[in-house]
file structure.txt (compact mmCIF, C-alpha atoms (C1' of nucleotides))
# COMPACT_ATOMS: atom_id res chain seq x y z
CA MET A 1308 120.74 48.16 -43.36
CA SER A 1309 123.52 46.31 -41.66
CA SER A 1310 122.10 44.76 -38.51
CA GLN A 1311 124.09 42.39 -36.35
CA LEU A 1312 121.59 39.83 -35.14
CA LYS A 1313 122.59 36.60 -33.52
CA PRO A 1314 120.58 33.99 -35.43
CA GLY A 1315 118.31 31.70 -33.48
CA THR A 1316 117.66 34.07 -30.60
CA SER A 1317 114.06 34.93 -29.85
CA ASN A 1318 114.95 38.47 -30.67
CA ALA A 1319 116.06 37.60 -34.18
CA CYS A 1320 113.03 35.36 -34.64
CA ASN A 1321 110.75 38.20 -33.73
CA ILE A 1322 112.39 40.50 -36.20
CA ILE A 1323 111.69 37.93 -38.88
CA ALA A 1324 108.10 37.54 -37.70
CA LEU A 1325 107.71 41.31 -37.84
CA SER A 1326 109.05 41.55 -41.36
CA LEU A 1327 106.77 38.83 -42.57
CA ALA A 1328 103.82 40.52 -40.93
CA CYS A 1329 104.51 43.86 -42.52
CA GLU A 1330 107.31 45.38 -44.55
CA VAL A 1331 106.87 48.76 -42.96
CA ASN A 1332 108.92 47.54 -40.02
CA ASP A 1333 112.04 47.42 -42.10
CA VAL A 1334 111.45 51.03 -43.02
CA LEU A 1335 110.87 52.01 -39.41
CA ARG A 1336 114.05 50.27 -38.35
CA ASP A 1337 115.97 52.04 -41.09
CA ILE A 1338 114.81 55.51 -40.21
CA SER A 1339 114.86 55.34 -36.44
CA PRO A 1340 118.57 55.25 -35.62
CA ARG A 1341 119.57 58.33 -33.72
CA TRP A 1342 120.71 61.35 -35.75
CA LYS A 1343 120.14 59.57 -39.03
CA MET A 1344 117.24 61.59 -40.41
CA GLN A 1345 118.82 64.70 -38.96
CA VAL A 1346 121.99 64.09 -40.93
CA LEU A 1347 120.00 63.28 -44.04
CA HIS A 1348 118.12 66.54 -43.69
CA ARG A 1349 121.35 68.47 -43.31
CA ILE A 1350 122.87 66.88 -46.37
CA ALA A 1351 119.75 67.73 -48.34
CA ALA A 1352 120.22 71.31 -47.15
CA GLY A 1353 123.69 71.38 -48.65
CA THR A 1354 126.03 70.49 -45.80
CA ASN A 1355 128.02 67.99 -47.78
CA GLN A 1356 131.21 67.14 -45.90
CA PHE A 1357 132.06 65.04 -42.89
CA SER A 1358 133.78 67.95 -41.19
CA SER A 1359 130.97 70.45 -41.78
CA LEU A 1360 128.44 67.93 -40.53
CA LYS A 1361 130.52 67.63 -37.37
CA VAL A 1362 130.25 71.36 -36.91
CA ALA A 1363 126.52 71.22 -37.53
CA PHE A 1364 126.04 68.60 -34.81
CA PRO A 1365 128.53 69.35 -32.04
CA SER A 1366 127.23 66.63 -29.75
CA LEU A 1367 127.46 63.95 -32.40
CA SER A 1368 130.72 62.01 -32.29
CA ASP A 1369 132.90 61.22 -35.32
CA GLN A 1370 132.25 57.54 -34.85
CA ILE A 1371 128.50 57.74 -34.90
CA LEU A 1372 128.54 60.22 -37.77
CA GLY A 1373 130.71 57.83 -39.76
CA LYS A 1374 128.37 54.98 -38.98
CA ARG A 1375 125.27 56.95 -39.96
CA LEU A 1376 126.83 58.11 -43.21
CA ALA A 1377 127.75 54.54 -44.08
CA GLU A 1378 124.19 53.44 -43.34
CA LEU A 1379 122.72 56.24 -45.42
CA VAL A 1380 124.95 55.31 -48.32
CA SER A 1381 124.14 51.61 -48.09
CA ASP A 1382 120.43 52.51 -47.87
CA LYS A 1383 120.99 54.57 -51.02
CA LEU A 1384 119.49 57.61 -49.37
CA ILE A 1385 122.68 59.52 -50.08
CA ASP A 1386 125.58 59.04 -52.43
CA LYS A 1387 129.12 60.38 -52.39
CA ASN A 1388 131.61 61.99 -54.71
CA ILE A 1389 135.23 61.32 -53.91
CA ILE A 1390 136.99 64.60 -54.60
CA GLU A 1391 140.41 63.63 -53.25
CA VAL A 1392 141.51 60.08 -52.58
CA LYS A 1393 144.76 60.77 -50.75
CA ALA A 1394 144.81 62.13 -47.24
CA PRO A 1395 143.46 64.53 -46.27
CA LYS A 1396 140.57 62.89 -48.12
CA ARG A 1397 137.78 65.02 -49.47
CA ILE A 1398 134.35 63.60 -50.06
CA HIS A 1399 131.11 65.30 -50.97
CA TYR A 1400 127.82 63.74 -49.99
CA PHE A 1401 124.55 64.41 -51.74
CA ILE A 1402 121.01 63.21 -51.37
CA THR A 1403 119.43 60.76 -53.82
CA ASP A 1404 115.90 60.81 -55.24
CA LYS A 1405 115.00 58.03 -52.85
CA GLY A 1406 116.29 60.12 -49.97
CA LEU A 1407 114.40 63.19 -51.12
CA GLU A 1408 111.14 61.31 -51.25
CA LEU A 1409 111.76 59.93 -47.79
CA LEU A 1410 112.48 63.39 -46.42
CA LYS A 1411 109.10 64.58 -47.65
CA ILE A 1412 107.41 61.91 -45.58
CA ILE A 1413 109.63 62.67 -42.59
CA ASP A 1414 108.52 66.25 -42.96
CA ASP A 1415 104.87 65.14 -42.83
CA LEU A 1416 105.72 63.26 -39.66
CA HIS A 1417 107.28 66.41 -38.27
CA LYS A 1418 104.19 68.47 -39.09
CA TRP A 1419 101.99 65.82 -37.53
CA GLY A 1420 104.10 66.00 -34.38
CA LEU A 1421 103.78 69.77 -34.19
CA LYS A 1422 100.07 69.70 -34.88
CA TRP A 1423 99.24 67.35 -32.03
CA ARG A 1424 101.84 68.57 -29.59
CA ASP A 1425 100.13 69.68 -26.39
CA LEU A 1426 96.77 69.46 -28.11
CA LEU A 1427 94.02 67.81 -26.07
CA MET B 125 106.13 58.64 -24.08
CA SER B 126 107.45 57.26 -20.85
CA SER B 127 111.19 56.87 -21.24
CA GLN B 128 113.43 55.85 -18.36
CA LEU B 129 116.66 57.73 -18.86
CA LYS B 130 119.32 58.02 -16.22
CA PRO B 131 119.96 61.77 -16.04
CA GLY B 132 123.49 63.01 -16.57
CA THR B 133 124.60 60.17 -18.79
CA SER B 134 125.93 61.13 -22.18
CA ASN B 135 123.10 59.13 -23.60
CA ALA B 136 120.48 61.29 -21.91
CA CYS B 137 122.33 64.45 -22.85
CA ASN B 138 122.29 63.48 -26.48
CA ILE B 139 118.59 62.79 -26.41
CA ILE B 140 118.12 66.33 -25.13
CA ALA B 141 120.44 67.70 -27.81
CA LEU B 142 118.48 65.82 -30.42
CA SER B 143 115.15 67.14 -29.21
CA LEU B 144 116.41 70.68 -29.19
CA ALA B 145 117.81 70.27 -32.69
CA CYS B 146 114.58 68.96 -34.12
CA GLU B 147 111.24 67.84 -32.75
CA VAL B 148 110.86 65.11 -35.31
CA ASN B 149 113.13 62.93 -33.19
CA ASP B 150 110.49 62.67 -30.51
CA VAL B 151 108.09 61.44 -33.16
CA LEU B 152 110.59 58.90 -34.49
CA ARG B 153 111.22 57.63 -31.00
CA ASP B 154 107.51 57.28 -30.39
CA ILE B 155 106.78 55.29 -33.53
CA SER B 156 109.80 53.04 -33.68
CA PRO B 157 109.21 50.63 -30.78
CA ARG B 158 108.77 47.14 -32.11
CA TRP B 159 105.19 46.04 -32.90
CA LYS B 160 103.75 49.41 -31.99
CA MET B 161 102.61 50.62 -35.41
CA GLN B 162 101.58 47.09 -36.23
CA VAL B 163 99.27 46.99 -33.24
CA LEU B 164 97.95 50.45 -34.03
CA HIS B 165 97.16 49.33 -37.55
CA ARG B 166 95.33 46.28 -36.28
CA ILE B 167 93.25 48.30 -33.86
CA ALA B 168 92.35 50.67 -36.68
CA ALA B 169 91.25 47.62 -38.64
CA GLY B 170 88.85 46.69 -35.86
CA THR B 171 90.72 44.19 -33.72
CA ASN B 172 89.80 45.82 -30.46
CA GLN B 173 90.59 43.49 -27.58
CA PHE B 174 93.75 42.38 -25.85
CA SER B 175 92.92 38.73 -26.43
CA SER B 176 92.14 39.12 -30.13
CA LEU B 177 95.32 41.12 -30.65
CA LYS B 178 97.21 38.26 -29.06
CA VAL B 179 95.70 35.95 -31.64
CA ALA B 180 96.60 38.37 -34.42
CA PHE B 181 100.26 38.43 -33.35
CA PRO B 182 101.16 34.98 -32.08
CA SER B 183 104.82 35.78 -31.57
CA LEU B 184 104.08 38.89 -29.52
CA SER B 185 104.05 38.22 -25.79
CA ASP B 186 101.35 39.42 -23.39
CA GLN B 187 103.86 41.60 -21.64
CA ILE B 188 105.04 43.49 -24.66
CA LEU B 189 101.50 43.81 -25.96
CA GLY B 190 100.44 45.30 -22.63
CA LYS B 191 103.35 47.71 -22.72
CA ARG B 192 102.65 48.81 -26.29
CA LEU B 193 98.95 49.33 -25.57
CA ALA B 194 99.84 51.45 -22.54
CA GLU B 195 102.21 53.51 -24.69
CA LEU B 196 99.64 53.95 -27.44
CA VAL B 197 97.08 55.12 -24.89
CA SER B 198 99.49 57.55 -23.24
CA ASP B 199 100.46 58.85 -26.69
CA LYS B 200 96.72 59.31 -27.30
CA LEU B 201 96.95 57.31 -30.50
CA ILE B 202 94.29 54.97 -29.16
CA ASP B 203 91.69 55.21 -26.43
CA LYS B 204 89.81 52.55 -24.50
CA ASN B 205 86.30 51.77 -23.40
CA ILE B 206 86.01 49.78 -20.24
CA ILE B 207 83.14 47.38 -20.87
CA GLU B 208 83.48 45.33 -17.71
CA VAL B 209 85.46 46.42 -14.66
CA LYS B 210 85.35 43.17 -12.70
CA ALA B 211 87.36 40.15 -13.74
CA PRO B 212 87.36 38.89 -16.36
CA LYS B 213 87.82 42.49 -17.46
CA ARG B 214 86.63 43.54 -20.88
CA ILE B 215 88.12 46.48 -22.63
CA HIS B 216 87.66 47.78 -26.15
CA TYR B 217 90.38 49.78 -27.81
CA PHE B 218 89.78 52.20 -30.62
CA ILE B 219 91.94 54.52 -32.66
CA THR B 220 91.84 58.29 -32.17
CA ASP B 221 91.92 61.00 -34.84
CA LYS B 222 95.55 61.60 -33.99
CA GLY B 223 96.25 57.91 -34.50
CA LEU B 224 94.40 57.84 -37.80
CA GLU B 225 96.41 60.73 -39.18
CA LEU B 226 99.61 59.04 -38.09
CA LEU B 227 98.61 55.80 -39.79
CA LYS B 228 98.17 57.65 -43.07
CA ILE B 229 101.77 58.81 -42.88
CA ILE B 230 102.95 55.34 -41.86
CA ASP B 231 101.16 54.07 -44.93
CA ASP B 232 103.07 56.55 -47.09
CA LEU B 233 106.24 55.22 -45.51
CA HIS B 234 105.12 51.73 -46.36
CA LYS B 235 104.46 52.66 -49.98
CA TRP B 236 107.80 54.39 -50.19
CA GLY B 237 109.47 51.24 -48.91
CA LEU B 238 107.74 49.08 -51.51
CA LYS B 239 108.50 51.50 -54.31
CA TRP B 240 112.22 51.54 -53.71
CA ARG B 241 112.58 47.93 -52.62
CA ASP B 242 115.09 46.19 -54.86
CA LEU B 243 115.04 49.15 -57.21
CA LEU B 244 118.52 50.21 -58.27
C1' DG C 609 159.88 66.57 -36.89
C1' DC C 610 155.58 67.78 -34.83
C1' DA C 611 150.85 69.18 -35.19
C1' DA C 612 146.91 69.66 -37.91
C1' DT C 613 143.51 68.15 -41.32
C1' DA C 614 139.80 64.99 -43.37
C1' DA C 615 137.40 60.89 -43.05
C1' DC C 616 137.16 57.20 -41.17
C1' DT C 617 137.63 52.16 -38.48
C1' DC C 618 138.32 48.99 -34.42
C1' DA C 619 137.63 47.40 -29.86
C1' DC C 620 135.40 48.01 -25.85
C1' DC C 621 131.64 49.44 -22.30
C1' DC C 622 127.23 50.37 -20.56
C1' DG C 623 122.44 51.61 -20.47
C1' DA C 624 118.06 50.84 -22.58
C1' DA C 625 114.91 48.05 -24.93
C1' DA C 626 113.18 43.54 -25.82
C1' DG C 627 111.90 39.33 -24.13
C1' DT C 628 110.64 35.65 -20.26
C1' DG C 629 108.46 33.57 -15.99
C1' DA C 630 105.44 34.15 -12.75
C1' DG C 631 101.56 36.01 -10.41
C1' DC C 632 97.04 38.71 -9.61
C1' DC C 633 91.94 39.55 -9.60
C1' DT C 634 87.08 38.01 -9.74
C1' DT C 635 83.48 35.45 -11.85
C1' DT C 636 81.56 31.34 -14.18
C1' DA C 637 81.76 26.68 -15.68
C1' DT C 638 83.24 21.67 -14.53
C1' DA D 1186 87.99 22.83 -5.53
C1' DT D 1187 90.02 23.81 -9.51
C1' DA D 1188 90.60 25.72 -13.94
C1' DA D 1189 89.77 29.00 -17.41
C1' DA D 1190 89.01 33.71 -19.15
C1' DG D 1191 90.72 38.57 -19.79
C1' DG D 1192 93.92 42.06 -19.02
C1' DC D 1193 97.25 43.15 -17.19
C1' DT D 1194 101.97 44.13 -13.72
C1' DC D 1195 106.47 42.95 -11.50
C1' DA D 1196 111.01 41.29 -11.40
C1' DC D 1197 114.56 39.37 -13.92
C1' DT D 1198 117.78 38.25 -17.90
C1' DT D 1199 119.55 38.85 -22.54
C1' DT D 1200 120.56 41.44 -26.59
C1' DC D 1201 121.32 45.55 -29.12
C1' DG D 1202 122.71 49.96 -30.18
C1' DG D 1203 124.83 54.34 -28.85
C1' DG D 1204 128.91 56.36 -27.02
C1' DT D 1205 134.10 56.71 -26.06
C1' DG D 1206 139.21 56.26 -26.72
C1' DA D 1207 142.54 55.30 -29.62
C1' DG D 1208 144.62 54.55 -34.12
C1' DT D 1209 145.19 55.07 -39.44
C1' DT D 1210 146.39 57.48 -43.86
C1' DA D 1211 149.11 61.02 -46.48
C1' DT D 1212 149.87 65.75 -47.20
C1' DT D 1213 150.72 70.60 -45.95
C1' DG D 1214 152.37 74.27 -42.83
C1' DC D 1215 155.28 75.85 -38.66

call {"tool": "encode", "arguments": {"input": "structure.txt", "output": "structure tokens"}}
result
Amino acid sequence: MSSQLKPGTSNACNIIALSLACEVNDVLRDISPRWKMQVLHRIAAGTNQFSSLKVAFPSLSDQILGKRLAELVSDKLIDKNIIEVKAPKRIHYFITDKGLELLKIIDDLHKWGLKWRDLL
Amino acid sequence: MSSQLKPGTSNACNIIALSLACEVNDVLRDISPRWKMQVLHRIAAGTNQFSSLKVAFPSLSDQILGKRLAELVSDKLIDKNIIEVKAPKRIHYFITDKGLELLKIIDDLHKWGLKWRDLL
DNA sequence: GCAATAACTCACCCGAAAGTGAGCCTTTAT
DNA sequence: ATAAAGGCTCACTTTCGGGTGAGTTATTGC
């Protein structure tokens, strides 16, 4: 993922320390940005255009949606087909195998959350 | 989890929108704080005191460790036995069933990360 | 000749999370 | 009488990420 970290800061050092300690942190960082897994889930469900995703998430702004889509693509969780290059552009997004496998685990996480919600 | 959100901000509104859209966001928010799953994993592995956790994670400060432990307890992912009330206090942490089940999923996430790391 | 459409990108702001310095409590050892 | 041990908490500063406003591109319809 594209993270803007000022090198040399204690913050950046700790990120490095975390990664060395355990690779799962990279994964957690990649999946935790707001709306990201939501959008991935939607794309898996067949909502495959920028504009229809906007409709699906009315409180998500264009800018953040664009950012999340770019992240998902660079993470190779989704891929895109360029249908029309000239404006108005048309692009179709679709989930990759990597993304599908991730979604299964996210779904386990979801079930876990429901199971223990308000329990004991 | 204890989150300090100023009500009425667009930020807070979006958190609410996210929660309504899908409960998995709450879970993602709970597991993504830095060091948290790391610490949970360590406790599961038997490192059960504040001071020994400090040794296990040299670049993690007392303050953040304290915060993470408090979060883990309030999430009921760990519990604590108070061995000695008077200073120097002695407290043993241990993982709960809820925490154990979560760790299994985190481990899946870890495996997923390794599998797809540097793969196409 | 103006607006709308689709899919973005840039520059900026602000709140939240991460990190830091210091202090607290009581007992035991020096 | 002072320091260390063990487990924190408070107040403060810095960094990061989410959110917002505006602008871009080229085509089609009014």

call {"tool": "atom_distance", "arguments": {"input": "structure.txt", "atom1": "C1' of DT628 (chain C)", "atom2": "CA of Phe174 (chain B)"}}
result
19.0 Å

call {"tool": "interface_residues", "arguments": {"input": "structure.txt", "of": "chain D", "to": "chain B", "cutoff": "12 Å", "atoms": "all atoms listed in the file", "output": "ChimeraX atom specification"}}
result
/D:1189-1195,1202-1205

call {"tool": "closest_atom_pairs", "arguments": {"input": "structure.txt", "of": "region 1346-1417 of chain A", "to": "region 218-227 of chain B", "cutoff": "12 Å", "atoms": "all atoms listed in the file", "output": "tab-separated table"}}
result
residue	atom	partner	partner_atom	distance
A:Ile1412	CA	B:Leu226	CA	11.2
A:Ile1413	CA	B:Leu226	CA	11.6
A:Asp1415	CA	B:Leu226	CA	9.3
A:Leu1416	CA	B:Leu226	CA	7.6
A:His1417	CA	B:Leu226	CA	10.6

call {"tool": "atom_distance", "arguments": {"input": "structure.txt", "atom1": "CA of Leu1421 (chain A)", "atom2": "CA of Leu152 (chain B)"}}
result
12.8 Å

call {"tool": "interface_residues", "arguments": {"input": "structure.txt", "of": "chain C", "to": "chain A", "cutoff": "9 Å", "atoms": "all atoms listed in the file", "output": "list in words"}}
result
DT613, DA614, DA615, DC616, DT617, DA626 and DG627 of chain C

call {"tool": "closest_residue", "arguments": {"input": "structure.txt", "among": "B:Leu193, B:Thr171, B:Val209, B:Arg158", "to": "chain A", "atoms": "all atoms listed in the file"}}
result
B:Arg158

call {"tool": "closest_residue", "arguments": {"input": "structure.txt", "among": "A:Ile1390, A:Ile1385, A:Ala1363, A:Ile1350", "to": "chain B", "atoms": "all atoms listed in the file"}}
result
A:Ala1363

call {"tool": "residues_around", "arguments": {"input": "structure.txt", "residues": "region 618-620 of chain C", "least_positions_apart": "3", "cutoff": "10 Å", "atoms": "only C-alpha atoms (C1' of nucleotides)", "output": "list in words"}}
result
DT1205, DG1206, DA1207 and DG1208 of chain D

call {"tool": "closest_residue", "arguments": {"input": "structure.txt", "among": "D:DC1215, D:DT1209, D:DA1188, D:DT1200", "to": "DA637 (chain C)", "atoms": "only C-alpha atoms (C1' of nucleotides)"}}
result
D:DA1188
